[in-house]
file target17.tsv (TSV, C-alpha atoms and all ligand atoms)
chain	number	residue	atom	x	y	z
A	1	MET	CA	11.01	186.77	254.48
A	2	ASP	CA	9.02	189.21	252.39
A	3	HIS	CA	8.19	192.38	254.26
A	4	PRO	CA	7.49	190.98	257.70
A	5	LEU	CA	4.75	192.94	259.35
A	6	THR	CA	4.78	195.03	262.46
A	7	ARG	CA	3.77	198.57	263.19
A	8	ARG	CA	7.47	199.11	263.84
A	9	ASN	CA	8.51	197.95	260.38
A	10	TRP	CA	5.61	199.71	258.79
A	11	LEU	CA	6.75	202.85	260.45
A	12	ARG	CA	10.35	202.39	259.40
A	13	THR	CA	9.99	201.16	255.87
A	14	GLY	CA	6.65	202.64	254.95
A	15	ALA	CA	5.56	205.89	256.36
A	16	LEU	CA	9.00	207.28	257.02
A	17	LEU	CA	10.21	206.48	253.55
A	18	THR	CA	7.03	207.92	252.15
A	19	ALA	CA	7.75	210.98	254.17
A	20	GLY	CA	11.30	211.13	252.88
A	21	LEU	CA	12.77	210.88	256.36
A	22	THR	CA	15.86	208.99	257.33
A	23	ILE	CA	15.25	207.49	260.70
A	24	ASP	CA	17.11	204.30	261.43
A	25	ARG	CA	17.02	201.83	264.28
A	26	SER	CA	19.49	203.81	266.33
A	27	THR	CA	16.94	206.61	266.52
A	28	PHE	CA	14.96	204.29	268.74
A	29	GLY	CA	17.79	203.24	271.01
A	30	SER	CA	17.41	199.51	271.50
A	31	GLY	CA	15.42	199.21	268.31
A	32	PHE	CA	12.27	198.23	270.17
A	33	LEU	CA	9.88	201.03	269.56
A	34	ASN	CA	6.77	200.98	271.66
A	35	PRO	CA	3.58	200.95	269.61
A	36	ALA	CA	2.13	204.14	271.05
A	37	ALA	CA	5.34	205.99	270.20
A	38	ALA	CA	5.20	204.45	266.75
A	39	HIS	CA	1.76	205.87	266.12
A	40	ALA	CA	2.79	209.31	267.28
A	41	LEU	CA	5.99	209.28	265.26
A	42	HIS	CA	4.25	208.01	262.20
A	43	GLU	CA	1.68	210.71	262.24
A	44	GLN	CA	4.32	213.32	263.01
A	45	ALA	CA	6.42	212.15	260.05
A	46	LEU	CA	3.52	212.61	257.69
A	47	VAL	CA	2.73	216.02	259.16
A	48	ASN	CA	6.36	217.05	258.67
A	49	GLU	CA	6.36	215.90	255.09
A	50	PHE	CA	3.24	217.81	254.22
A	51	ALA	CA	4.74	220.90	255.86
A	52	ARG	CA	7.98	220.41	253.88
A	53	LEU	CA	6.05	220.23	250.64
A	54	GLY	CA	4.08	223.31	251.60
A	55	GLU	CA	0.90	221.24	251.32
A	56	PRO	CA	-1.93	221.63	253.80
A	57	MET	CA	-2.06	218.65	256.15
A	58	PRO	CA	-5.03	216.52	255.18
A	59	GLN	CA	-7.65	216.03	257.80
A	60	ILE	CA	-7.61	212.38	258.86
A	61	LYS	CA	-11.10	211.04	258.26
A	62	ALA	CA	-10.36	207.38	258.91
A	63	ARG	CA	-7.44	205.91	260.83
A	64	ILE	CA	-7.60	202.34	259.60
A	65	ALA	CA	-3.98	201.22	259.70
A	66	PHE	CA	-3.30	199.62	263.09
A	67	ASN	CA	-6.14	197.14	263.66
A	68	GLU	CA	-7.59	199.20	266.49
A	69	ASN	CA	-11.18	198.99	267.67
A	70	PRO	CA	-13.08	201.94	266.13
A	71	HIS	CA	-15.95	201.60	268.63
A	72	GLY	CA	-13.84	202.37	271.67
A	73	LEU	CA	-14.24	200.96	275.15
A	74	SER	CA	-17.12	199.06	276.66
A	75	PRO	CA	-19.31	201.53	278.63
A	76	LYS	CA	-18.64	199.34	281.67
A	77	ALA	CA	-14.88	199.72	281.20
A	78	LYS	CA	-15.28	203.51	280.95
A	79	ASP	CA	-17.22	203.52	284.17
A	80	ALA	CA	-14.54	201.40	285.86
A	81	ILE	CA	-11.87	203.87	284.70
A	82	LEU	CA	-13.71	206.80	286.20
A	83	LYS	CA	-14.03	204.98	289.51
A	84	ALA	CA	-10.36	203.90	289.35
A	85	VAL	CA	-9.26	207.55	289.50
A	86	GLU	CA	-9.42	207.24	293.27
A	87	SER	CA	-6.94	204.34	293.39
A	88	GLY	CA	-4.25	205.63	291.03
A	89	ASN	CA	-1.95	206.52	293.92
A	90	ARG	CA	-1.65	202.85	294.97
A	91	TYR	CA	0.15	199.94	293.34
A	92	ALA	CA	-2.22	197.31	292.00
A	93	MET	CA	-2.54	194.55	294.61
A	94	PHE	CA	-5.50	192.28	293.99
A	95	GLU	CA	-6.77	193.43	290.61
A	96	GLY	CA	-4.36	191.19	288.69
A	97	GLN	CA	-5.41	188.16	290.73
A	98	GLU	CA	-9.05	188.95	290.10
A	99	LEU	CA	-8.60	189.24	286.35
A	100	LYS	CA	-6.48	186.07	286.19
A	101	LYS	CA	-9.20	184.17	288.04
A	102	LEU	CA	-11.85	185.37	285.59
A	103	ILE	CA	-9.76	184.32	282.60
A	104	ALA	CA	-8.77	181.00	284.17
A	105	ASP	CA	-12.39	180.11	284.97
A	106	LYS	CA	-13.51	180.89	281.46
A	107	GLU	CA	-10.66	179.01	279.78
A	108	GLY	CA	-10.62	175.97	282.07
A	109	VAL	CA	-7.08	176.51	283.36
A	110	LYS	CA	-5.63	177.53	286.75
A	111	PRO	CA	-4.83	181.19	287.54
A	112	GLU	CA	-1.19	180.02	287.71
A	113	ASN	CA	-1.45	179.28	283.98
A	114	ILE	CA	-2.10	182.96	283.26
A	115	MET	CA	0.41	185.78	283.10
A	116	LEU	CA	-0.82	189.32	282.58
A	117	SER	CA	1.13	192.01	280.77
A	118	ALA	CA	0.87	195.58	279.55
A	119	GLY	CA	-0.23	194.46	276.06
A	120	SER	CA	0.93	191.22	274.48
A	121	SER	CA	3.94	192.78	272.69
A	122	GLU	CA	6.02	192.56	275.85
A	123	LEU	CA	5.19	188.86	276.13
A	124	LEU	CA	6.26	188.25	272.53
A	125	THR	CA	9.63	189.81	273.13
A	126	ALA	CA	9.98	188.11	276.54
A	127	MET	CA	9.34	184.74	274.85
A	128	ALA	CA	11.93	185.50	272.18
A	129	VAL	CA	14.51	186.39	274.83
A	130	TYR	CA	13.63	183.34	276.91
A	131	PHE	CA	13.88	180.84	274.07
A	132	THR	CA	16.64	182.33	271.95
A	133	GLY	CA	18.41	184.87	274.14
A	134	SER	CA	21.69	184.23	275.84
A	135	ALA	CA	20.03	183.30	279.14
A	136	ALA	CA	17.96	180.53	277.55
A	137	LYS	CA	19.32	177.02	277.24
A	138	GLY	CA	22.08	177.50	274.67
A	139	GLY	CA	20.54	180.60	273.04
A	140	GLY	CA	20.35	181.16	269.28
A	141	GLY	CA	18.84	178.22	267.43
A	142	THR	CA	15.96	178.47	265.00
A	143	VAL	CA	12.43	179.77	265.28
A	144	LEU	CA	10.15	177.92	262.90
A	145	THR	CA	7.29	179.95	261.45
A	146	SER	CA	5.66	181.10	258.24
A	147	GLN	CA	6.41	183.83	255.77
A	148	PHE	CA	4.16	186.88	255.81
A	149	THR	CA	3.30	186.87	259.48
A	150	TYR	CA	3.64	189.19	262.48
A	151	ASP	CA	7.28	189.69	263.23
A	152	ASP	CA	7.62	191.15	266.73
A	153	LEU	CA	8.85	187.91	268.23
A	154	LEU	CA	10.85	186.99	265.14
A	155	GLY	CA	12.61	190.36	264.94
A	156	CYS	CA	13.60	190.09	268.60
A	157	ALA	CA	14.81	186.47	268.22
A	158	LYS	CA	16.95	187.54	265.27
A	159	LYS	CA	18.64	190.15	267.45
A	160	PHE	CA	19.67	187.35	269.77
A	161	GLY	CA	21.26	185.47	266.88
A	162	ALA	CA	18.43	183.05	266.17
A	163	LYS	CA	17.71	181.95	262.62
A	164	ILE	CA	14.18	182.27	261.33
A	165	ASP	CA	12.94	179.39	259.22
A	166	ALA	CA	9.85	180.81	257.53
A	167	VAL	CA	7.96	178.41	255.28
A	168	PRO	CA	5.82	179.85	252.47
A	169	LEU	CA	2.09	180.26	253.05
A	170	THR	CA	-0.35	177.89	251.33
A	171	LYS	CA	-2.06	179.25	248.22
A	172	GLU	CA	-4.98	180.24	250.46
A	173	TYR	CA	-2.55	182.47	252.44
A	174	ARG	CA	-2.65	180.15	255.45
A	175	PHE	CA	0.10	178.77	257.66
A	176	ASP	CA	1.24	175.52	256.02
A	177	LEU	CA	1.27	173.25	259.07
A	178	ALA	CA	2.18	170.11	257.10
A	179	ALA	CA	5.28	171.83	255.68
A	180	MET	CA	6.18	173.19	259.12
A	181	LYS	CA	5.94	169.79	260.73
A	182	GLY	CA	8.56	168.48	258.32
A	183	LYS	CA	10.93	171.27	259.31
A	184	VAL	CA	11.14	170.64	263.06
A	185	GLY	CA	14.73	169.73	263.83
A	186	PRO	CA	17.32	169.55	266.62
A	187	ASP	CA	18.03	173.27	266.22
A	188	THR	CA	14.36	174.34	266.59
A	189	LYS	CA	13.92	176.38	269.77
A	190	LEU	CA	10.35	177.46	269.22
A	191	VAL	CA	7.48	177.22	266.75
A	192	TYR	CA	5.60	180.51	266.25
A	193	ILE	CA	2.12	180.53	264.73
A	194	CYS	CA	-0.14	183.55	264.46
A	195	ASN	CA	-3.80	182.53	264.32
A	196	PRO	CA	-5.73	184.42	262.91
A	197	ASN	CA	-2.62	185.52	261.06
A	198	ASN	CA	-1.60	189.14	260.70
A	199	PRO	CA	-1.50	190.42	257.90
A	200	THR	CA	-3.46	187.77	255.96
A	201	GLY	CA	-6.44	187.46	258.35
A	202	THR	CA	-6.54	183.72	257.67
A	203	ILE	CA	-6.88	180.88	260.17
A	204	VAL	CA	-5.90	177.25	260.12
A	205	PRO	CA	-8.81	174.87	260.76
A	206	ALA	CA	-9.21	174.37	264.52
A	207	ALA	CA	-8.94	170.57	264.46
A	208	GLU	CA	-5.78	170.74	262.34
A	209	LEU	CA	-4.20	173.23	264.72
A	210	VAL	CA	-5.06	171.18	267.80
A	211	ALA	CA	-3.57	168.03	266.20
A	212	PHE	CA	-0.44	169.97	265.21
A	213	CYS	CA	0.02	171.36	268.72
A	214	LYS	CA	-0.36	167.95	270.32
A	215	GLU	CA	2.13	166.29	268.00
A	216	VAL	CA	4.76	169.01	267.63
A	217	SER	CA	4.78	170.22	271.24
A	218	ALA	CA	5.97	166.75	272.24
A	219	LYS	CA	9.25	167.68	270.48
A	220	VAL	CA	9.58	171.47	270.78
A	221	PRO	CA	7.68	174.33	272.47
A	222	VAL	CA	4.82	175.66	270.37
A	223	PHE	CA	3.61	179.23	270.67
A	224	ILE	CA	0.33	180.50	269.21
A	225	ASP	CA	-0.24	184.25	269.01
A	226	GLU	CA	-4.00	184.65	269.36
A	227	ALA	CA	-4.19	188.45	269.27
A	228	TYR	CA	-7.27	188.31	267.01
A	229	ILE	CA	-8.98	185.21	268.42
A	230	ASP	CA	-11.89	187.23	269.85
A	231	PHE	CA	-13.12	187.95	266.33
A	232	LEU	CA	-14.03	184.27	265.96
A	233	GLU	CA	-17.31	183.14	267.46
A	234	PRO	CA	-16.51	181.32	270.72
A	235	LYS	CA	-17.60	177.96	269.24
A	236	ASP	CA	-15.10	178.33	266.37
A	237	ARG	CA	-12.04	178.99	268.54
A	238	PRO	CA	-9.51	176.15	268.77
A	239	ALA	CA	-9.57	174.65	272.28
A	240	LEU	CA	-5.91	175.34	272.96
A	241	PRO	CA	-6.18	176.38	276.64
A	242	LYS	CA	-7.47	172.85	277.29
A	243	LEU	CA	-4.18	171.50	275.94
A	244	VAL	CA	-2.27	173.76	278.33
A	245	ALA	CA	-4.40	172.37	281.20
A	246	GLU	CA	-3.53	168.86	280.01
A	247	GLY	CA	0.16	169.65	280.28
A	248	TYR	CA	1.24	170.16	276.65
A	249	ASN	CA	4.31	172.29	276.01
A	250	LEU	CA	2.16	175.04	274.54
A	251	PHE	CA	1.93	178.82	275.04
A	252	LEU	CA	-0.71	181.28	273.91
A	253	THR	CA	-0.86	185.04	274.00
A	254	ARG	CA	-3.96	187.18	273.80
A	255	THR	CA	-4.54	190.91	273.88
A	256	PHE	CA	-7.17	193.38	275.03
A	257	SER	CA	-6.00	195.76	272.28
A	258	LYS	CA	-8.41	194.48	269.67
A	259	ILE	CA	-12.00	193.54	270.56
A	260	HIS	CA	-11.77	195.24	273.96
A	261	GLY	CA	-10.36	198.44	272.43
A	262	PHE	CA	-7.45	198.69	274.91
A	263	ALA	CA	-4.67	199.44	272.38
A	264	GLY	CA	-3.79	202.62	274.26
A	265	LEU	CA	-4.58	201.29	277.73
A	266	ARG	CA	-2.27	198.25	277.24
A	267	LEU	CA	-3.34	194.87	278.57
A	268	GLY	CA	-2.59	191.34	277.41
A	269	TYR	CA	-1.95	187.89	278.79
A	270	ALA	CA	-0.26	184.58	278.21
A	271	ILE	CA	-1.68	181.13	278.90
A	272	GLY	CA	1.00	178.52	279.46
A	273	PRO	CA	2.55	175.94	281.75
A	274	GLU	CA	2.86	177.25	285.31
A	275	LYS	CA	6.58	176.54	285.66
A	276	PHE	CA	7.34	178.27	282.40
A	277	LEU	CA	5.36	181.39	283.34
A	278	GLU	CA	7.28	181.56	286.60
A	279	SER	CA	10.54	181.62	284.61
A	280	LEU	CA	9.17	184.19	282.20
A	281	GLN	CA	8.72	186.57	285.16
A	282	ASP	CA	12.47	187.14	284.92
A	283	TYR	CA	11.95	188.78	281.53
A	284	SER	CA	8.72	190.66	282.08
A	285	ARG	CA	7.04	192.12	285.16
A	286	GLY	CA	3.78	190.34	284.37
A	287	GLU	CA	0.75	191.57	286.25
A	288	TRP	CA	2.77	194.33	287.94
A	289	ASN	CA	3.14	196.11	284.61
A	290	PRO	CA	-0.43	197.14	283.74
A	291	SER	CA	-1.73	200.11	285.70
A	292	VAL	CA	-4.43	199.71	288.32
A	293	THR	CA	-6.72	201.74	286.04
A	294	THR	CA	-6.16	199.38	283.13
A	295	LEU	CA	-6.66	196.30	285.29
A	296	LYS	CA	-9.95	197.57	286.71
A	297	ALA	CA	-11.14	198.47	283.21
A	298	GLY	CA	-9.98	195.04	281.98
A	299	ILE	CA	-12.01	193.24	284.65
A	300	ALA	CA	-15.12	195.16	283.57
A	301	SER	CA	-14.53	194.71	279.86
A	302	TYR	CA	-13.74	191.00	280.12
A	303	GLN	CA	-17.17	190.38	281.63
A	304	ASP	CA	-19.02	192.62	279.18
A	305	GLU	CA	-19.85	190.02	276.56
A	306	GLU	CA	-22.59	192.18	275.14
A	307	TRP	CA	-19.98	194.77	274.09
A	308	GLN	CA	-17.70	192.12	272.62
A	309	ASN	CA	-20.62	190.70	270.61
A	310	PHE	CA	-21.52	194.18	269.41
A	311	CYS	CA	-17.95	194.85	268.23
A	312	ARG	CA	-17.79	191.46	266.50
A	313	THR	CA	-21.09	192.05	264.71
A	314	GLU	CA	-20.09	195.55	263.62
A	315	ASN	CA	-16.77	194.19	262.38
A	316	THR	CA	-18.59	191.65	260.21
A	317	LYS	CA	-20.97	194.32	258.85
A	318	ALA	CA	-18.13	196.67	257.93
A	319	SER	CA	-16.04	193.83	256.46
A	320	ASN	CA	-18.93	192.76	254.23
A	321	LEU	CA	-19.30	196.31	253.00
A	322	LEU	CA	-15.62	196.38	252.10
A	323	TYR	CA	-15.80	192.99	250.37
A	324	LYS	CA	-18.71	194.16	248.26
A	325	GLY	CA	-16.95	197.40	247.29
A	326	LEU	CA	-13.79	195.59	246.29
A	327	LYS	CA	-15.69	192.97	244.31
A	328	ASP	CA	-17.66	195.65	242.46
A	329	LYS	CA	-14.33	197.23	241.44
A	330	GLY	CA	-13.00	193.85	240.25
A	331	TYR	CA	-10.56	193.42	243.14
A	332	ASP	CA	-9.86	190.13	244.93
A	333	TYR	CA	-9.39	189.97	248.70
A	334	VAL	CA	-8.36	187.40	251.27
A	335	PRO	CA	-11.44	186.55	253.38
A	336	SER	CA	-10.58	187.61	256.91
A	337	TYR	CA	-11.26	186.21	260.37
A	338	ALA	CA	-9.93	189.32	262.07
A	339	ASN	CA	-10.44	193.11	262.06
A	340	PHE	CA	-8.42	193.80	258.92
A	341	VAL	CA	-8.48	192.67	255.31
A	342	LEU	CA	-5.62	192.04	252.92
A	343	PHE	CA	-6.07	192.55	249.22
A	344	PRO	CA	-3.73	192.86	246.21
A	345	ILE	CA	-3.41	196.35	244.74
A	346	ARG	CA	-2.31	197.46	241.28
A	347	MET	CA	-0.18	200.35	242.40
A	348	LYS	CA	3.15	200.64	244.19
A	349	THR	CA	2.68	200.36	247.96
A	350	LYS	CA	4.09	203.77	248.82
A	351	GLN	CA	2.10	205.54	246.14
A	352	PHE	CA	-1.08	203.86	247.34
A	353	GLU	CA	-0.46	204.85	250.96
A	354	LYS	CA	0.36	208.40	250.01
A	355	GLU	CA	-2.67	208.86	247.80
A	356	MET	CA	-4.90	207.40	250.46
A	357	PHE	CA	-3.35	209.68	253.07
A	358	SER	CA	-3.73	212.81	250.92
A	359	ASN	CA	-7.42	211.97	250.85
A	360	GLY	CA	-7.61	211.61	254.62
A	361	ILE	CA	-7.33	207.82	254.90
A	362	LEU	CA	-4.54	206.38	257.03
A	363	THR	CA	-4.06	202.79	255.94
A	364	SER	CA	-1.16	200.40	255.34
A	365	THR	CA	0.48	198.30	252.64
A	366	ARG	CA	2.78	195.28	252.36
A	367	GLU	CA	4.53	193.26	249.66
A	368	TYR	CA	4.61	189.50	249.41
A	369	ASN	CA	6.23	187.62	246.51
A	370	ASN	CA	6.61	190.95	244.69
A	371	GLN	CA	2.89	191.57	244.85
A	372	PRO	CA	1.81	194.81	246.55
A	373	PHE	CA	-1.08	194.50	249.01
A	374	CYS	CA	-3.19	196.86	251.07
A	375	ARG	CA	-3.96	195.71	254.60
A	376	VAL	CA	-6.84	197.84	255.69
A	377	SER	CA	-8.13	197.73	259.25
A	378	ILE	CA	-11.86	197.43	259.67
A	379	GLY	CA	-13.25	200.71	260.91
A	380	THR	CA	-16.89	201.67	261.38
A	381	VAL	CA	-19.35	201.14	258.54
A	382	ASP	CA	-19.02	204.87	257.76
A	383	GLU	CA	-15.23	204.71	257.71
A	384	MET	CA	-15.29	201.77	255.30
A	385	GLY	CA	-17.62	203.78	253.09
A	386	LEU	CA	-15.10	206.65	253.10
A	387	PHE	CA	-12.29	204.22	252.33
A	388	MET	CA	-14.17	202.84	249.33
A	389	ASP	CA	-14.98	206.33	248.02
A	390	VAL	CA	-11.30	207.27	248.05
A	391	PHE	CA	-10.24	203.86	246.75
A	392	LYS	CA	-12.54	204.22	243.73
A	393	LYS	CA	-11.15	207.70	243.11
A	394	ILE	CA	-7.46	206.76	243.14
A	395	VAL	CA	-7.33	203.35	241.41
A	401	LIG	C1	-0.51	189.34	265.74
A	401	LIG	C2	-0.28	190.35	266.79
A	401	LIG	N1	0.25	189.97	267.94
A	401	LIG	C3	0.48	190.83	268.93
A	401	LIG	C4	0.19	192.16	268.79
A	401	LIG	C5	0.55	193.09	269.91
A	401	LIG	O1	-0.49	193.83	270.36
A	401	LIG	P1	-0.50	194.49	271.81
A	401	LIG	O2	0.91	194.68	272.26
A	401	LIG	O3	-1.23	195.75	271.62
A	401	LIG	O4	-1.21	193.49	272.69
A	401	LIG	C6	-0.37	192.63	267.58
A	401	LIG	C7	-0.69	194.05	267.39
A	401	LIG	O5	-1.18	194.53	266.43
A	401	LIG	C8	-0.61	191.69	266.55
A	401	LIG	O6	-1.11	192.06	265.38
call {"tool": "encode", "arguments": {"input": "target17.tsv", "output": "structure tokens"}}
result
Amino acid sequence: MDHPLTRRNWLRTGALLTAGLTIDRSTFGSGFLNPAAAHALHEQALVNEFARLGEPMPQIKARIAFNENPHGLSPKAKDAILKAVESGNRYAMFEGQELKKLIADKEGVKPENIMLSAGSSELLTAMAVYFTGSAAKGGGGTVLTSQFTYDDLLGCAKKFGAKIDAVPLTKEYRFDLAAMKGKVGPDTKLVYICNPNNPTGTIVPAAELVAFCKEVSAKVPVFIDEAYIDFLEPKDRPALPKLVAEGYNLFLTRTFSKIHGFAGLRLGYAIGPEKFLESLQDYSRGEWNPSVTTLKAGIASYQDEEWQNFCRTENTKASNLLYKGLKDKGYDYVPSYANFVLFPIRMKTKQFEKEMFSNGILTSTREYNNQPFCRVSIGTVDEMGLFMDVFKKIV
């Protein structure tokens, strides 16, 4: 697979190489680096490199590399956090139940179909261990997916000896569901689809995805990573929770890290068959993992639709500004349904990242089919303006 994308890989192959550092997997013990540590290490590596070169460390004007929410938390979530200060000495007891009920009611499933987590990353790895790890039926096997997608689950499955069968994207940079259907075989342990996909920002049409899930989940478990689903208008989201309620062998994960701005607070959830979620508890602590503070903030944020609408609208505004800037410079881009945009660049990836960074812009790059790309996260309108100013200067 060409340059599979995670913050972890980006850190390892991108920033650290840029910074001339030799940090390998063993540096991180098990090889699973938690995202917050990745951010800190990444920034530290760049600081070290600038110190080594005797260059003044640039002031970061826009951190638009990790698909975070630049607008921060909902005011209601902030308020809930302040109030939660009083309960930090106690284990969470009822907060998880309350949040699960809210999600279940909205999605038309039972609370037993929801499993909470401290961010969705732990669910991705738990799923990989469950389906391909030694404790799962037989272990190993194949995970069927696409090239140029998010590789947290895939990287973990590989560690447990699974093969990854990654079909090429369509020419529109979408998951090729027709090609994937033809690849399901006796060895397939799991199908992994990321929708909207990271790093392309593309989606598969909702009706096509629903039909695929119905048909393929009759043969093998299907897992859809919906980390960016909140950036679609509610009416445009595929009705996959309904399929879970109807008993299909289907699993979804969602995260509060994006539209809710909880990347540092850590909260996510899975929607799936009740029996399966019970088994998954053996591989993840579920609702006992997020802190009471995070859960209380999550309950407030989940109900604050006004804030979610605001963030979605601002994301569209800032994306349109970026599209216009790129078009004016004669650059193509992949129209995005998420809070980041992928576009081909005419410079080596590392050089691009470094030049951007020297000018105070922290962004990220990838390669696919030997073509270098920038994947820029959508910041505020002002941050996208800064990005374009520097972009015009360096290309
Ligand atoms: C596609 C996708 N899935 C899952 C995650 C994990 O996010 P978190 O662990 O913050 O919920 C990310 C993070 O960027 C992502 O891009």
call {"tool": "residues_around", "arguments": {"input": "target17.tsv", "residues": "Gly379 (chain A)", "least_positions_apart": "3", "cutoff": "12 Å", "atoms": "all atoms listed in the file", "output": "NGL selection string"}}
result
:A and (61-72 or 258 or 311-312 or 314-322 or 338-341 or 361-363 or 376 or 382-388)
call {"tool": "residues_near_ligand", "arguments": {"input": "target17.tsv", "ligand": "ligand LIG 401 (chain A)", "cutoff": "9 Å", "atoms": "only C-alpha atoms and all ligand atoms", "output": "MDAnalysis selection string"}}
result
chainID A and resid 5:7 34:35 66:68 117:124 149:153 194:199 225:228 253:258 262:269
call {"tool": "atom_distance", "arguments": {"input": "target17.tsv", "atom1": "CA of Arg52 (chain A)", "atom2": "CA of Met347 (chain A)"}}
result
24.5 Å
call {"tool": "residues_around", "arguments": {"input": "target17.tsv", "residues": "Gln59 (chain A)", "least_positions_apart": "5", "cutoff": "10 Å", "atoms": "only C-alpha atoms", "output": "list in words"}}
result
Phe357, Ser358, Asn359, Gly360 and Ile361 of chain A
call {"tool": "atom_distance", "arguments": {"input": "target17.tsv", "atom1": "CA of Glu233 (chain A)", "atom2": "CA of Leu99 (chain A)"}}
result
21.7 Å
call {"tool": "closest_residue", "arguments": {"input": "target17.tsv", "among": "A:Val292, A:Leu82, A:Ala157, A:Leu326", "to": "Ala126 (chain A)", "atoms": "only C-alpha atoms"}}
result
A:Ala157
call {"tool": "closest_residue", "arguments": {"input": "target17.tsv", "among": "A:Val109, A:Ile378, A:Gly325, A:Val191", "to": "Leu243 (chain A)", "atoms": "only C-alpha atoms"}}
result
A:Val109
call {"tool": "closest_residue", "arguments": {"input": "target17.tsv", "among": "A:Pro290, A:Pro335, A:Gly161, A:Pro344", "to": "Tyr91 (chain A)", "atoms": "all atoms listed in the file"}}
result
A:Pro290
call {"tool": "closest_residue", "arguments": {"input": "target17.tsv", "among": "A:Met180, A:Ile114, A:Met93, A:Ile394", "to": "Lys354 (chain A)", "atoms": "all atoms listed in the file"}}
result
A:Ile394
call {"tool": "closest_residue", "arguments": {"input": "target17.tsv", "among": "A:Val143, A:Leu190, A:Gln281, A:Glu274", "to": "Val167 (chain A)", "atoms": "only C-alpha atoms"}}
result
A:Val143
call {"tool": "closest_residue", "arguments": {"input": "target17.tsv", "among": "A:Ile259, A:Val85, A:Leu342, A:Val129", "to": "Cys374 (chain A)", "atoms": "only C-alpha atoms"}}
result
A:Leu342
call {"tool": "residues_near_point", "arguments": {"input": "target17.tsv", "point": "(-10.2, 198.2, 287.1)", "cutoff": "9 Å", "atoms": "all atoms listed in the file", "output": "PyMOL selection string"}}
result
chain A and resi 77+80-81+83-84+95+291-300
call {"tool": "residues_around", "arguments": {"input": "target17.tsv", "residues": "Ser336 (chain A)", "least_positions_apart": "6", "cutoff": "8 Å", "atoms": "all atoms listed in the file", "output": "PyMOL selection string"}}
result
chain A and resi 200-202+342
call {"tool": "atom_distance", "arguments": {"input": "target17.tsv", "atom1": "CA of Lys110 (chain A)", "atom2": "CA of Phe131 (chain A)"}}
result
23.5 Å
call {"tool": "residues_around", "arguments": {"input": "target17.tsv", "residues": "Ala207 (chain A)", "least_positions_apart": "6", "cutoff": "12 Å", "atoms": "all atoms listed in the file", "output": "VMD selection string"}}
result
chain A and resid 177 213 to 214 236 to 240
call {"tool": "build_atoms", "arguments": {"input": "target17.tsv", "residues": "region 120-129 of chain A", "atoms": "N, CA, C and O atoms", "output": "compact mmCIF listing (two decimals), in the frame of the given file"}}
result
# COMPACT_ATOMS: atom_id res chain seq x y z
N SER A 120 0.24 192.51 274.71
CA SER A 120 0.93 191.22 274.48
C SER A 120 2.30 191.40 273.84
O SER A 120 3.10 190.47 273.85
N SER A 121 2.62 192.59 273.32
CA SER A 121 3.94 192.78 272.69
C SER A 121 5.07 192.43 273.65
O SER A 121 6.06 191.81 273.26
N GLU A 122 4.92 192.83 274.92
CA GLU A 122 6.02 192.56 275.85
C GLU A 122 6.17 191.06 276.10
O GLU A 122 7.27 190.58 276.37
N LEU A 123 5.08 190.31 275.97
CA LEU A 123 5.19 188.86 276.13
C LEU A 123 5.89 188.23 274.92
O LEU A 123 6.67 187.28 275.05
N LEU A 124 5.60 188.78 273.74
CA LEU A 124 6.26 188.25 272.53
C LEU A 124 7.77 188.42 272.62
O LEU A 124 8.54 187.50 272.31
N THR A 125 8.20 189.59 273.04
CA THR A 125 9.63 189.81 273.13
C THR A 125 10.23 189.01 274.30
O THR A 125 11.32 188.46 274.18
N ALA A 126 9.47 188.90 275.41
CA ALA A 126 9.98 188.11 276.54
C ALA A 126 10.18 186.64 276.12
O ALA A 126 11.16 185.99 276.50
N MET A 127 9.24 186.13 275.33
CA MET A 127 9.34 184.74 274.85
C MET A 127 10.58 184.58 273.96
O MET A 127 11.29 183.59 274.05
N ALA A 128 10.78 185.58 273.09
CA ALA A 128 11.93 185.50 272.18
C ALA A 128 13.22 185.48 273.00
O ALA A 128 14.13 184.68 272.74
N VAL A 129 13.30 186.33 274.01
CA VAL A 129 14.51 186.39 274.83
C VAL A 129 14.67 185.07 275.58
O VAL A 129 15.76 184.49 275.64
